[in-house]
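Next comes input.txt, with compact mmCIF, C-alpha atoms and all ligand atoms.
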```
# COMPACT_ATOMS: atom_id res chain seq x y z
CA MET A 356 29.23 144.00 -80.66
CA LYS A 357 28.29 144.70 -84.25
CA PHE A 358 29.06 142.53 -87.29
CA THR A 359 28.69 144.14 -90.71
CA VAL A 360 28.91 141.73 -93.63
CA LEU A 361 29.34 142.79 -97.26
CA SER A 362 28.21 140.10 -99.67
CA LEU A 363 26.79 139.53 -103.13
CA PHE A 364 24.37 136.98 -101.62
CA PRO A 365 23.42 138.23 -98.13
CA GLU A 366 20.40 135.93 -98.05
CA ILE A 367 22.83 133.04 -97.44
CA LEU A 368 23.76 134.60 -94.10
CA ASP A 369 20.39 135.63 -92.78
CA GLY A 370 19.08 132.28 -91.49
CA TYR A 371 22.10 131.71 -89.30
CA PHE A 372 21.37 134.78 -87.22
CA GLN A 373 17.78 133.68 -86.75
CA SER A 374 18.38 130.41 -84.97
CA SER A 375 19.51 129.00 -81.66
CA LEU A 376 22.15 130.78 -79.58
CA MET A 377 22.85 133.42 -82.22
CA LYS A 378 19.17 134.41 -82.31
CA LYS A 379 19.16 134.72 -78.51
CA ALA A 380 22.28 136.89 -78.57
CA VAL A 381 20.62 139.19 -81.14
CA GLU A 382 17.35 139.32 -79.18
CA ARG A 383 19.20 140.14 -75.96
CA GLY A 384 21.05 142.96 -77.72
CA LEU A 385 24.47 141.36 -77.13
CA ILE A 386 25.23 141.46 -80.84
CA THR A 387 23.82 143.27 -83.84
CA VAL A 388 24.29 142.42 -87.46
CA GLU A 389 24.01 144.34 -90.70
CA PHE A 390 24.14 142.82 -94.18
CA VAL A 391 25.14 144.98 -97.10
CA ASN A 392 24.52 143.82 -100.66
CA ILE A 393 27.56 144.80 -102.72
CA ARG A 394 25.42 144.72 -105.86
CA ASP A 395 23.44 147.72 -104.59
CA PHE A 396 26.59 149.75 -105.29
CA ALA A 397 27.18 148.52 -108.85
CA GLN A 398 27.39 151.42 -111.27
CA ASP A 399 25.99 150.11 -114.55
CA LYS A 400 22.51 149.04 -115.52
CA HIS A 401 23.50 145.35 -115.46
CA LYS A 402 24.67 145.73 -111.83
CA THR A 403 28.08 144.27 -112.76
CA CYS A 404 30.31 143.50 -109.78
CA ASP A 405 33.03 141.33 -111.37
CA ASP A 406 35.44 141.52 -114.28
CA ILE A 407 38.23 139.52 -115.94
CA PRO A 408 41.66 139.50 -114.26
CA TYR A 409 44.45 141.69 -115.61
CA GLY A 410 47.28 139.48 -116.86
CA GLY A 411 44.84 136.77 -117.98
CA GLY A 412 43.86 133.55 -116.28
CA ALA A 413 40.68 131.75 -115.38
CA GLY A 414 37.76 133.19 -113.44
CA MET A 415 36.56 136.63 -112.50
CA VAL A 416 37.58 139.16 -109.88
CA LEU A 417 35.29 141.38 -107.79
CA LYS A 418 35.60 144.94 -109.11
CA PRO A 419 36.93 147.60 -106.75
CA GLU A 420 34.35 150.37 -107.28
CA PRO A 421 31.17 148.70 -105.91
CA LEU A 422 33.17 147.21 -103.03
CA ALA A 423 34.76 150.56 -102.16
CA MET A 424 31.38 152.29 -102.18
CA ALA A 425 29.84 149.56 -100.03
CA LEU A 426 32.77 149.79 -97.59
CA ASP A 427 32.53 153.60 -97.43
CA SER A 428 28.79 153.36 -96.77
CA VAL A 429 29.49 151.47 -93.53
CA GLY A 430 32.50 153.58 -92.50
CA ALA A 431 34.92 150.68 -92.97
CA GLY A 432 37.93 153.02 -92.94
CA GLN A 433 37.42 153.57 -89.19
CA LYS A 434 36.48 149.97 -88.31
CA ARG A 435 38.45 146.75 -88.18
CA THR A 436 37.86 145.19 -91.56
CA LEU A 437 38.45 141.52 -92.33
CA TYR A 438 38.75 139.70 -95.61
CA PRO A 439 38.39 135.92 -95.21
CA THR A 440 40.60 134.33 -97.87
CA PRO A 441 42.49 131.04 -98.29
CA SER A 442 45.64 133.10 -98.83
CA GLY A 443 45.34 134.72 -95.40
CA ARG A 444 46.85 134.07 -91.97
CA LEU A 445 45.31 131.00 -90.33
CA PHE A 446 42.37 131.92 -88.08
CA ASN A 447 42.52 130.27 -84.63
CA GLN A 448 41.25 130.62 -81.05
CA PRO A 449 43.78 133.28 -79.95
CA THR A 450 42.72 135.39 -82.96
CA ALA A 451 39.05 134.83 -82.05
CA ARG A 452 39.80 136.08 -78.52
CA GLU A 453 41.56 139.13 -79.87
CA LEU A 454 38.72 139.96 -82.30
CA ALA A 455 36.13 139.55 -79.52
CA LYS A 456 37.57 142.66 -77.87
CA GLU A 457 36.42 144.87 -80.79
CA ASP A 458 33.11 146.75 -80.75
CA GLU A 459 32.58 146.27 -84.47
CA LEU A 460 33.94 144.08 -87.26
CA VAL A 461 33.36 144.48 -90.98
CA PHE A 462 33.60 141.40 -93.24
CA ILE A 463 34.10 141.33 -97.02
CA CYS A 464 32.81 138.10 -98.61
CA GLY A 465 34.80 137.25 -101.71
CA ARG A 466 33.66 135.16 -104.69
CA TYR A 467 35.10 133.81 -107.94
CA GLU A 468 38.89 134.38 -107.89
CA GLY A 469 38.61 136.89 -105.04
CA ILE A 470 38.67 140.68 -104.78
CA ASP A 471 40.82 143.40 -106.37
CA GLN A 472 44.09 143.77 -104.42
CA ARG A 473 43.62 147.55 -104.15
CA ILE A 474 40.61 147.01 -101.88
CA ILE A 475 42.79 144.87 -99.62
CA ASP A 476 45.53 147.52 -99.65
CA GLU A 477 43.14 150.34 -98.83
CA TYR A 478 40.62 148.84 -96.41
CA VAL A 479 41.59 145.43 -95.06
CA ASP A 480 43.21 145.06 -91.62
CA ASP A 481 43.29 141.26 -91.53
CA GLU A 482 43.29 138.60 -94.23
CA LEU A 483 42.19 135.42 -92.46
CA SER A 484 41.97 131.85 -93.70
CA ILE A 485 39.68 129.39 -91.91
CA GLY A 486 41.74 126.41 -93.14
CA ASP A 487 43.95 125.03 -95.86
CA TYR A 488 41.23 124.38 -98.42
CA VAL A 489 39.30 126.52 -100.90
CA LEU A 490 35.60 127.33 -100.51
CA SER A 491 33.63 128.85 -103.36
CA SER A 492 32.80 132.03 -101.46
CA GLY A 493 33.43 134.02 -98.29
CA GLU A 494 29.99 133.84 -96.64
CA ILE A 495 30.61 130.56 -94.81
CA ALA A 496 34.13 131.64 -93.84
CA SER A 497 32.75 134.92 -92.43
CA LEU A 498 30.12 132.99 -90.47
CA VAL A 499 32.81 130.68 -89.07
CA ILE A 500 34.79 133.66 -87.79
CA ILE A 501 31.69 135.47 -86.48
CA ASP A 502 30.53 132.33 -84.66
CA ALA A 503 33.90 131.75 -83.02
CA VAL A 504 34.04 135.42 -81.94
CA TYR A 505 30.53 136.26 -80.72
CA ARG A 506 30.33 133.28 -78.30
CA LEU A 507 33.33 134.73 -76.45
CA ARG A 508 31.49 137.98 -75.70
CA GLU A 509 30.38 138.39 -72.13
CA GLY A 510 26.86 137.11 -71.47
CA VAL A 511 26.50 134.93 -74.57
CA ILE A 512 27.41 131.65 -72.84
CA LYS A 513 28.57 130.75 -69.35
CA ALA A 514 32.21 131.69 -68.68
CA ARG A 515 32.83 128.21 -67.19
CA SER A 516 31.88 126.54 -70.50
CA LEU A 517 34.52 128.60 -72.26
CA GLU A 518 37.19 127.76 -69.68
CA GLU A 519 36.98 124.02 -70.21
CA GLU A 520 36.81 123.64 -73.97
CA SER A 521 39.40 122.83 -76.62
CA PHE A 522 42.24 125.40 -76.94
CA SER A 523 41.18 127.21 -73.75
CA ASP A 524 44.13 125.59 -71.98
CA GLY A 525 46.68 126.73 -74.56
CA PHE A 526 47.21 123.75 -76.84
CA LEU A 527 45.00 120.93 -75.58
CA LEU A 528 41.87 119.43 -77.13
CA GLU A 529 38.90 118.86 -74.88
CA TYR A 530 38.45 115.57 -72.96
CA PRO A 531 35.58 113.20 -73.95
CA GLN A 532 32.10 114.15 -72.71
CA TYR A 533 29.33 111.79 -71.59
CA THR A 534 25.70 112.25 -70.56
CA ARG A 535 22.90 109.89 -69.46
CA PRO A 536 22.26 106.95 -69.80
CA GLU A 537 25.08 105.33 -67.86
CA VAL A 538 25.21 102.41 -70.35
CA PHE A 539 24.47 102.90 -74.04
CA ARG A 540 24.67 99.85 -76.35
CA GLU A 541 26.89 98.10 -73.85
CA ARG A 542 29.27 101.04 -73.68
CA SER A 543 29.63 102.35 -70.13
CA VAL A 544 30.49 105.82 -68.95
CA PRO A 545 34.04 105.71 -67.44
CA GLU A 546 33.73 104.88 -63.76
CA VAL A 547 35.73 107.86 -62.57
CA LEU A 548 33.01 110.22 -63.88
CA LEU A 549 30.45 108.49 -61.66
CA SER A 550 32.65 108.58 -58.57
CA GLY A 551 31.93 112.17 -57.53
CA HIS A 552 35.65 112.47 -56.69
CA HIS A 553 36.46 115.89 -58.19
CA LYS A 554 40.24 115.62 -57.99
CA ASN A 555 40.28 112.21 -59.74
CA ILE A 556 37.88 113.50 -62.40
CA GLU A 557 40.13 116.47 -63.04
CA VAL A 558 43.23 114.23 -63.36
CA TRP A 559 41.39 111.83 -65.70
CA ARG A 560 40.14 114.67 -67.90
CA ARG A 561 43.63 116.12 -68.15
CA GLU A 562 45.06 112.69 -69.13
CA MET A 563 42.34 112.22 -71.75
CA SER A 564 43.01 115.70 -73.17
CA VAL A 565 46.72 114.99 -73.52
CA GLU A 566 46.09 111.53 -75.02
CA LYS A 567 43.57 112.89 -77.55
CA THR A 568 45.80 115.79 -78.52
CA LYS A 569 48.78 113.43 -79.02
CA ARG A 570 46.68 111.14 -81.17
CA LEU A 571 44.80 113.68 -83.31
CA ARG A 572 46.81 116.91 -83.18
CA PRO A 573 50.45 116.19 -82.22
CA ASP A 574 51.36 119.49 -83.93
CA LEU A 575 49.64 121.39 -81.09
CA LEU A 576 51.80 119.72 -78.44
CA GLU A 577 54.97 120.35 -80.46
CA LYS A 578 53.97 124.01 -80.68
CA SER A 579 53.37 124.21 -76.92
CA THR A 580 56.90 122.99 -76.16
CA SER A 581 58.57 125.23 -78.76
CA ASP A 582 56.67 128.43 -77.64
N1 LIG B 1 41.57 132.47 -105.99
C1 LIG B 1 41.57 132.32 -104.56
C2 LIG B 1 42.84 131.61 -104.13
O1 LIG B 1 43.33 130.75 -104.86
O2 LIG B 1 43.35 131.89 -103.02
C3 LIG B 1 40.37 131.51 -104.11
C4 LIG B 1 39.10 132.26 -104.20
S1 LIG B 1 37.74 131.40 -103.50
C5 LIG B 1 37.21 130.38 -104.85
C6 LIG B 1 36.47 132.61 -103.40
C7 LIG B 1 36.31 133.25 -102.05
O3 LIG B 1 35.99 132.28 -101.06
C8 LIG B 1 37.53 133.96 -101.49
O4 LIG B 1 37.65 135.25 -102.03
C9 LIG B 1 37.25 133.98 -100.00
O5 LIG B 1 36.43 135.07 -99.64
C10 LIG B 1 36.47 132.68 -99.79
N2 LIG B 1 37.28 131.58 -99.25
C11 LIG B 1 37.55 130.41 -99.88
N3 LIG B 1 38.28 129.60 -99.13
C12 LIG B 1 38.50 130.23 -97.96
C13 LIG B 1 39.22 129.89 -96.78
N4 LIG B 1 39.88 128.74 -96.66
N5 LIG B 1 39.22 130.78 -95.77
C14 LIG B 1 38.58 131.97 -95.88
N6 LIG B 1 37.88 132.35 -97.00
C15 LIG B 1 37.85 131.49 -98.03
```
Structure re-expressed in structure tokens:
Amino acid sequence: MKFTVLSLFPEILDGYFQSSLMKKAVERGLITVEFVNIRDFAQDKHKTCDDIPYGGGAGMVLKPEPLAMALDSVGAGQKRTLYPTPSGRLFNQPTARELAKEDELVFICGRYEGIDQRIIDEYVDDELSIGDYVLSSGEIASLVIIDAVYRLREGVIKARSLEEESFSDGFLLEYPQYTRPEVFRERSVPEVLLSGHHKNIEVWRREMSVEKTKRLRPDLLEKSTSD
């Protein structure tokens, strides 16, 4: 799978792809990544990529021309193109699963007040928000989406790990996890996990998942009963 990311500051993104699991996925050829600097497509000698908003108001808006040229240079018209934005549809695990089926995704990283609407109208397939808050730019939001998507690709991590995590079972959060030692600062691992009794462990984990979801994300359970 290929991720192409258009940004004014691609150096922010680079390190992420050079560490840990992501690095391994790149080295094993499971994913490839291309960064495109939008400023390389600016048309004046000052390399201007933003301008004041029509209609007035605070802040600047990313100009359409450099963005359009950058998008054309990567063939964005024929590829699924995403614009992470707080005014988008909320990104979640089902959307990550759906995006993981694509061979290539193109990301536009916004800045300032965002990008010219005509770029969205002409190129963007999905406007996705990573949460109800405002970041200063789209690089981190793009990385969040890329990270949630690439780990679902075959071969990146064990299928069993994906089956048992939060949201994999529809609307439940994951049960608590423990590792050695058996007692840490007088806190013991729940006995059932030491019993070796697989059925009881499964029942306990399910109960813990439901309890945790009720406590921290009751909205997920409400959604599961209304769907
Ligand atoms: N004026 C915009 C608004 O009120 O919706 C906010 C722009 S924000 C300061 C600059 C850029 O950060 C956006 O263009 C987008 O790319 C990114 N961004 C900020 N918050 C985000 C979020 N919650 N999800 C996805 N992208 C976000």
TODO: Could you give me the residues within 10 Å of ligand LIG 1 (chain B), counting only C-alpha atoms and all ligand atoms, as number ranges by chain?
DONE: A: 362, 413-417, 437-446, 462-471, 482-497, 499-500
Would you save the residues of that selection, restricted to C-alpha atoms, as a PDB file, in the coordinates of the input?
```
ATOM      1  CA  SER A 362      28.210 140.100 -99.670  1.00  0.00           C
ATOM      2  CA  ALA A 413      40.680 131.750-115.380  1.00  0.00           C
ATOM      3  CA  GLY A 414      37.760 133.190-113.440  1.00  0.00           C
ATOM      4  CA  MET A 415      36.560 136.630-112.500  1.00  0.00           C
ATOM      5  CA  VAL A 416      37.580 139.160-109.880  1.00  0.00           C
ATOM      6  CA  LEU A 417      35.290 141.380-107.790  1.00  0.00           C
ATOM      7  CA  LEU A 437      38.450 141.520 -92.330  1.00  0.00           C
ATOM      8  CA  TYR A 438      38.750 139.700 -95.610  1.00  0.00           C
ATOM      9  CA  PRO A 439      38.390 135.920 -95.210  1.00  0.00           C
ATOM     10  CA  THR A 440      40.600 134.330 -97.870  1.00  0.00           C
ATOM     11  CA  PRO A 441      42.490 131.040 -98.290  1.00  0.00           C
ATOM     12  CA  SER A 442      45.640 133.100 -98.830  1.00  0.00           C
ATOM     13  CA  GLY A 443      45.340 134.720 -95.400  1.00  0.00           C
ATOM     14  CA  ARG A 444      46.850 134.070 -91.970  1.00  0.00           C
ATOM     15  CA  LEU A 445      45.310 131.000 -90.330  1.00  0.00           C
ATOM     16  CA  PHE A 446      42.370 131.920 -88.080  1.00  0.00           C
ATOM     17  CA  PHE A 462      33.600 141.400 -93.240  1.00  0.00           C
ATOM     18  CA  ILE A 463      34.100 141.330 -97.020  1.00  0.00           C
ATOM     19  CA  CYS A 464      32.810 138.100 -98.610  1.00  0.00           C
ATOM     20  CA  GLY A 465      34.800 137.250-101.710  1.00  0.00           C
ATOM     21  CA  ARG A 466      33.660 135.160-104.690  1.00  0.00           C
ATOM     22  CA  TYR A 467      35.100 133.810-107.940  1.00  0.00           C
ATOM     23  CA  GLU A 468      38.890 134.380-107.890  1.00  0.00           C
ATOM     24  CA  GLY A 469      38.610 136.890-105.040  1.00  0.00           C
ATOM     25  CA  ILE A 470      38.670 140.680-104.780  1.00  0.00           C
ATOM     26  CA  ASP A 471      40.820 143.400-106.370  1.00  0.00           C
ATOM     27  CA  GLU A 482      43.290 138.600 -94.230  1.00  0.00           C
ATOM     28  CA  LEU A 483      42.190 135.420 -92.460  1.00  0.00           C
ATOM     29  CA  SER A 484      41.970 131.850 -93.700  1.00  0.00           C
ATOM     30  CA  ILE A 485      39.680 129.390 -91.910  1.00  0.00           C
ATOM     31  CA  GLY A 486      41.740 126.410 -93.140  1.00  0.00           C
ATOM     32  CA  ASP A 487      43.950 125.030 -95.860  1.00  0.00           C
ATOM     33  CA  TYR A 488      41.230 124.380 -98.420  1.00  0.00           C
ATOM     34  CA  VAL A 489      39.300 126.520-100.900  1.00  0.00           C
ATOM     35  CA  LEU A 490      35.600 127.330-100.510  1.00  0.00           C
ATOM     36  CA  SER A 491      33.630 128.850-103.360  1.00  0.00           C
ATOM     37  CA  SER A 492      32.800 132.030-101.460  1.00  0.00           C
ATOM     38  CA  GLY A 493      33.430 134.020 -98.290  1.00  0.00           C
ATOM     39  CA  GLU A 494      29.990 133.840 -96.640  1.00  0.00           C
ATOM     40  CA  ILE A 495      30.610 130.560 -94.810  1.00  0.00           C
ATOM     41  CA  ALA A 496      34.130 131.640 -93.840  1.00  0.00           C
ATOM     42  CA  SER A 497      32.750 134.920 -92.430  1.00  0.00           C
ATOM     43  CA  VAL A 499      32.810 130.680 -89.070  1.00  0.00           C
ATOM     44  CA  ILE A 500      34.790 133.660 -87.790  1.00  0.00           C
TER      45      ILE A 500
END
```
Open item on the list: Just checking: using all atoms listed in the file, which residue out of A:Asp395, A:Asp369, A:Asp406, A:Asp458 ends up closest to Ala425 (chain A)?
Closed with: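 Selected residue with least distance to Ala425 (chain A): A:Asp395.
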Would you pick out the contacts of region 370-381 of chain A at 10 Å or less, using only C-alpha atoms, so that residues sharing its chain but fewer than 6 positions from it are not included, and give the list as a PDB file with C-alpha atoms, keeping the file's coordinate frame?
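The file below, out-v4.pdb, is the result:
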```pdb
ATOM      1  CA  MET A 356      29.230 144.000 -80.660  1.00  0.00           C
ATOM      2  CA  LYS A 357      28.290 144.700 -84.250  1.00  0.00           C
ATOM      3  CA  THR A 387      23.820 143.270 -83.840  1.00  0.00           C
ATOM      4  CA  VAL A 388      24.290 142.420 -87.460  1.00  0.00           C
ATOM      5  CA  LEU A 498      30.120 132.990 -90.470  1.00  0.00           C
ATOM      6  CA  ASP A 502      30.530 132.330 -84.660  1.00  0.00           C
ATOM      7  CA  TYR A 505      30.530 136.260 -80.720  1.00  0.00           C
ATOM      8  CA  ARG A 506      30.330 133.280 -78.300  1.00  0.00           C
ATOM      9  CA  ARG A 508      31.490 137.980 -75.700  1.00  0.00           C
ATOM     10  CA  GLY A 510      26.860 137.110 -71.470  1.00  0.00           C
ATOM     11  CA  VAL A 511      26.500 134.930 -74.570  1.00  0.00           C
ATOM     12  CA  ILE A 512      27.410 131.650 -72.840  1.00  0.00           C
TER      13      ILE A 512
END
```
Task: Separation of CA of Asn392 (chain A) from CA of Leu363 (chain A), in Å and rounded to one decimal - done: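 Between CA of Asn392 (chain A) and CA of Leu363 (chain A) the gap is 5.4 Å.
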- [ ] Dig up all the protein and nucleic acid residues within 12 Å of (42.6, 133.6, -79.0) in the file frame, using all atoms listed in the file, and format them as a list in words.
- [x] Leu445, Phe446, Asn447, Gln448, Pro449, Thr450, Ala451, Arg452, Glu453, Leu454, Ala455, Lys456, Ile500, Ala503, Val504, Leu507, Leu517, Ser521, Phe522, Ser523, Asp524, Gly525 and Phe526 of chain A
- [ ] Please indicate the distance in Å from CA of Thr359 (chain A) to CA of Asp405 (chain A), rounded to one decimal place.
- [x] 21.3 Å
TODO: May I ask for the distance between CA of Gly410 (chain A) and CA of Leu422 (chain A), given in Å to one decimal place?
DONE: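 CA of Leu422 (chain A) lies 21.2 Å from CA of Gly410 (chain A).
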- [ ] Considering all atoms listed in the file, return as a list in words whatever protein or nucleic-acid residues lie within 7 Å of Met424 (chain A), sequence-local ones (same chain, fewer than 4 positions apart) excluded.
- [x]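 Within the cut-off, the hits are Phe396, Glu420 and Ser428 of chain A.
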All residues 12 Å or closer to region 546-551 of chain A, all atoms listed in the file, same chain fewer than 2 positions away omitted, as a PDB file with C-alpha atoms, in the frame of the given file:
```
ATOM      1  CA  TYR A 530      38.450 115.570 -72.960  1.00  0.00           C
ATOM      2  CA  PRO A 531      35.580 113.200 -73.950  1.00  0.00           C
ATOM      3  CA  GLN A 532      32.100 114.150 -72.710  1.00  0.00           C
ATOM      4  CA  TYR A 533      29.330 111.790 -71.590  1.00  0.00           C
ATOM      5  CA  THR A 534      25.700 112.250 -70.560  1.00  0.00           C
ATOM      6  CA  ARG A 535      22.900 109.890 -69.460  1.00  0.00           C
ATOM      7  CA  PRO A 536      22.260 106.950 -69.800  1.00  0.00           C
ATOM      8  CA  GLU A 537      25.080 105.330 -67.860  1.00  0.00           C
ATOM      9  CA  VAL A 538      25.210 102.410 -70.350  1.00  0.00           C
ATOM     10  CA  ARG A 542      29.270 101.040 -73.680  1.00  0.00           C
ATOM     11  CA  SER A 543      29.630 102.350 -70.130  1.00  0.00           C
ATOM     12  CA  VAL A 544      30.490 105.820 -68.950  1.00  0.00           C
ATOM     13  CA  HIS A 553      36.460 115.890 -58.190  1.00  0.00           C
ATOM     14  CA  LYS A 554      40.240 115.620 -57.990  1.00  0.00           C
ATOM     15  CA  ASN A 555      40.280 112.210 -59.740  1.00  0.00           C
ATOM     16  CA  ILE A 556      37.880 113.500 -62.400  1.00  0.00           C
ATOM     17  CA  GLU A 557      40.130 116.470 -63.040  1.00  0.00           C
ATOM     18  CA  VAL A 558      43.230 114.230 -63.360  1.00  0.00           C
ATOM     19  CA  TRP A 559      41.390 111.830 -65.700  1.00  0.00           C
ATOM     20  CA  ARG A 560      40.140 114.670 -67.900  1.00  0.00           C
TER      21      ARG A 560
END
```
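Residue nearest Gly430 (chain A) within the list A:Val565, A:Arg394, A:Glu459, A:Pro365: A:Glu459 [criterion: smallest interatomic distance, all atoms listed in the file].
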Emit as JSON the padded axis-aligned box for all listed atoms of region 428-433 of chain A, 3 Å per side, with centre and edge lengths in Å to one decimal.
```
{"center_x": 33.4, "center_y": 152.1, "center_z": -93.0, "size_x": 15.1, "size_y": 8.9, "size_z": 13.6}
```
- [ ] Taking the point (43.9, 149.6, -104.9) as given in the file, collect each protein or nucleic acid residue that comes within 12 Å of it, counting all atoms listed in the file, and present the set as a list in words.
- [x]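 Output: Lys418, Pro419, Glu420, Leu422, Ala423, Ile470, Asp471, Gln472, Arg473, Ile474, Ile475, Asp476, Glu477, Tyr478 and Val479 of chain A.
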Those same residues - C-alpha atoms - I'd like them written as an mmCIF file, in the coordinates of the input.
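Below is the file part27.cif, written as the result:
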```cif
data_model
loop_
_atom_site.group_PDB
_atom_site.id
_atom_site.type_symbol
_atom_site.label_atom_id
_atom_site.label_comp_id
_atom_site.auth_asym_id
_atom_site.auth_seq_id
_atom_site.Cartn_x
_atom_site.Cartn_y
_atom_site.Cartn_z
ATOM 1 C CA LYS A 418 35.600 144.940 -109.110
ATOM 2 C CA PRO A 419 36.930 147.600 -106.750
ATOM 3 C CA GLU A 420 34.350 150.370 -107.280
ATOM 4 C CA LEU A 422 33.170 147.210 -103.030
ATOM 5 C CA ALA A 423 34.760 150.560 -102.160
ATOM 6 C CA ILE A 470 38.670 140.680 -104.780
ATOM 7 C CA ASP A 471 40.820 143.400 -106.370
ATOM 8 C CA GLN A 472 44.090 143.770 -104.420
ATOM 9 C CA ARG A 473 43.620 147.550 -104.150
ATOM 10 C CA ILE A 474 40.610 147.010 -101.880
ATOM 11 C CA ILE A 475 42.790 144.870 -99.620
ATOM 12 C CA ASP A 476 45.530 147.520 -99.650
ATOM 13 C CA GLU A 477 43.140 150.340 -98.830
ATOM 14 C CA TYR A 478 40.620 148.840 -96.410
ATOM 15 C CA VAL A 479 41.590 145.430 -95.060
#
```
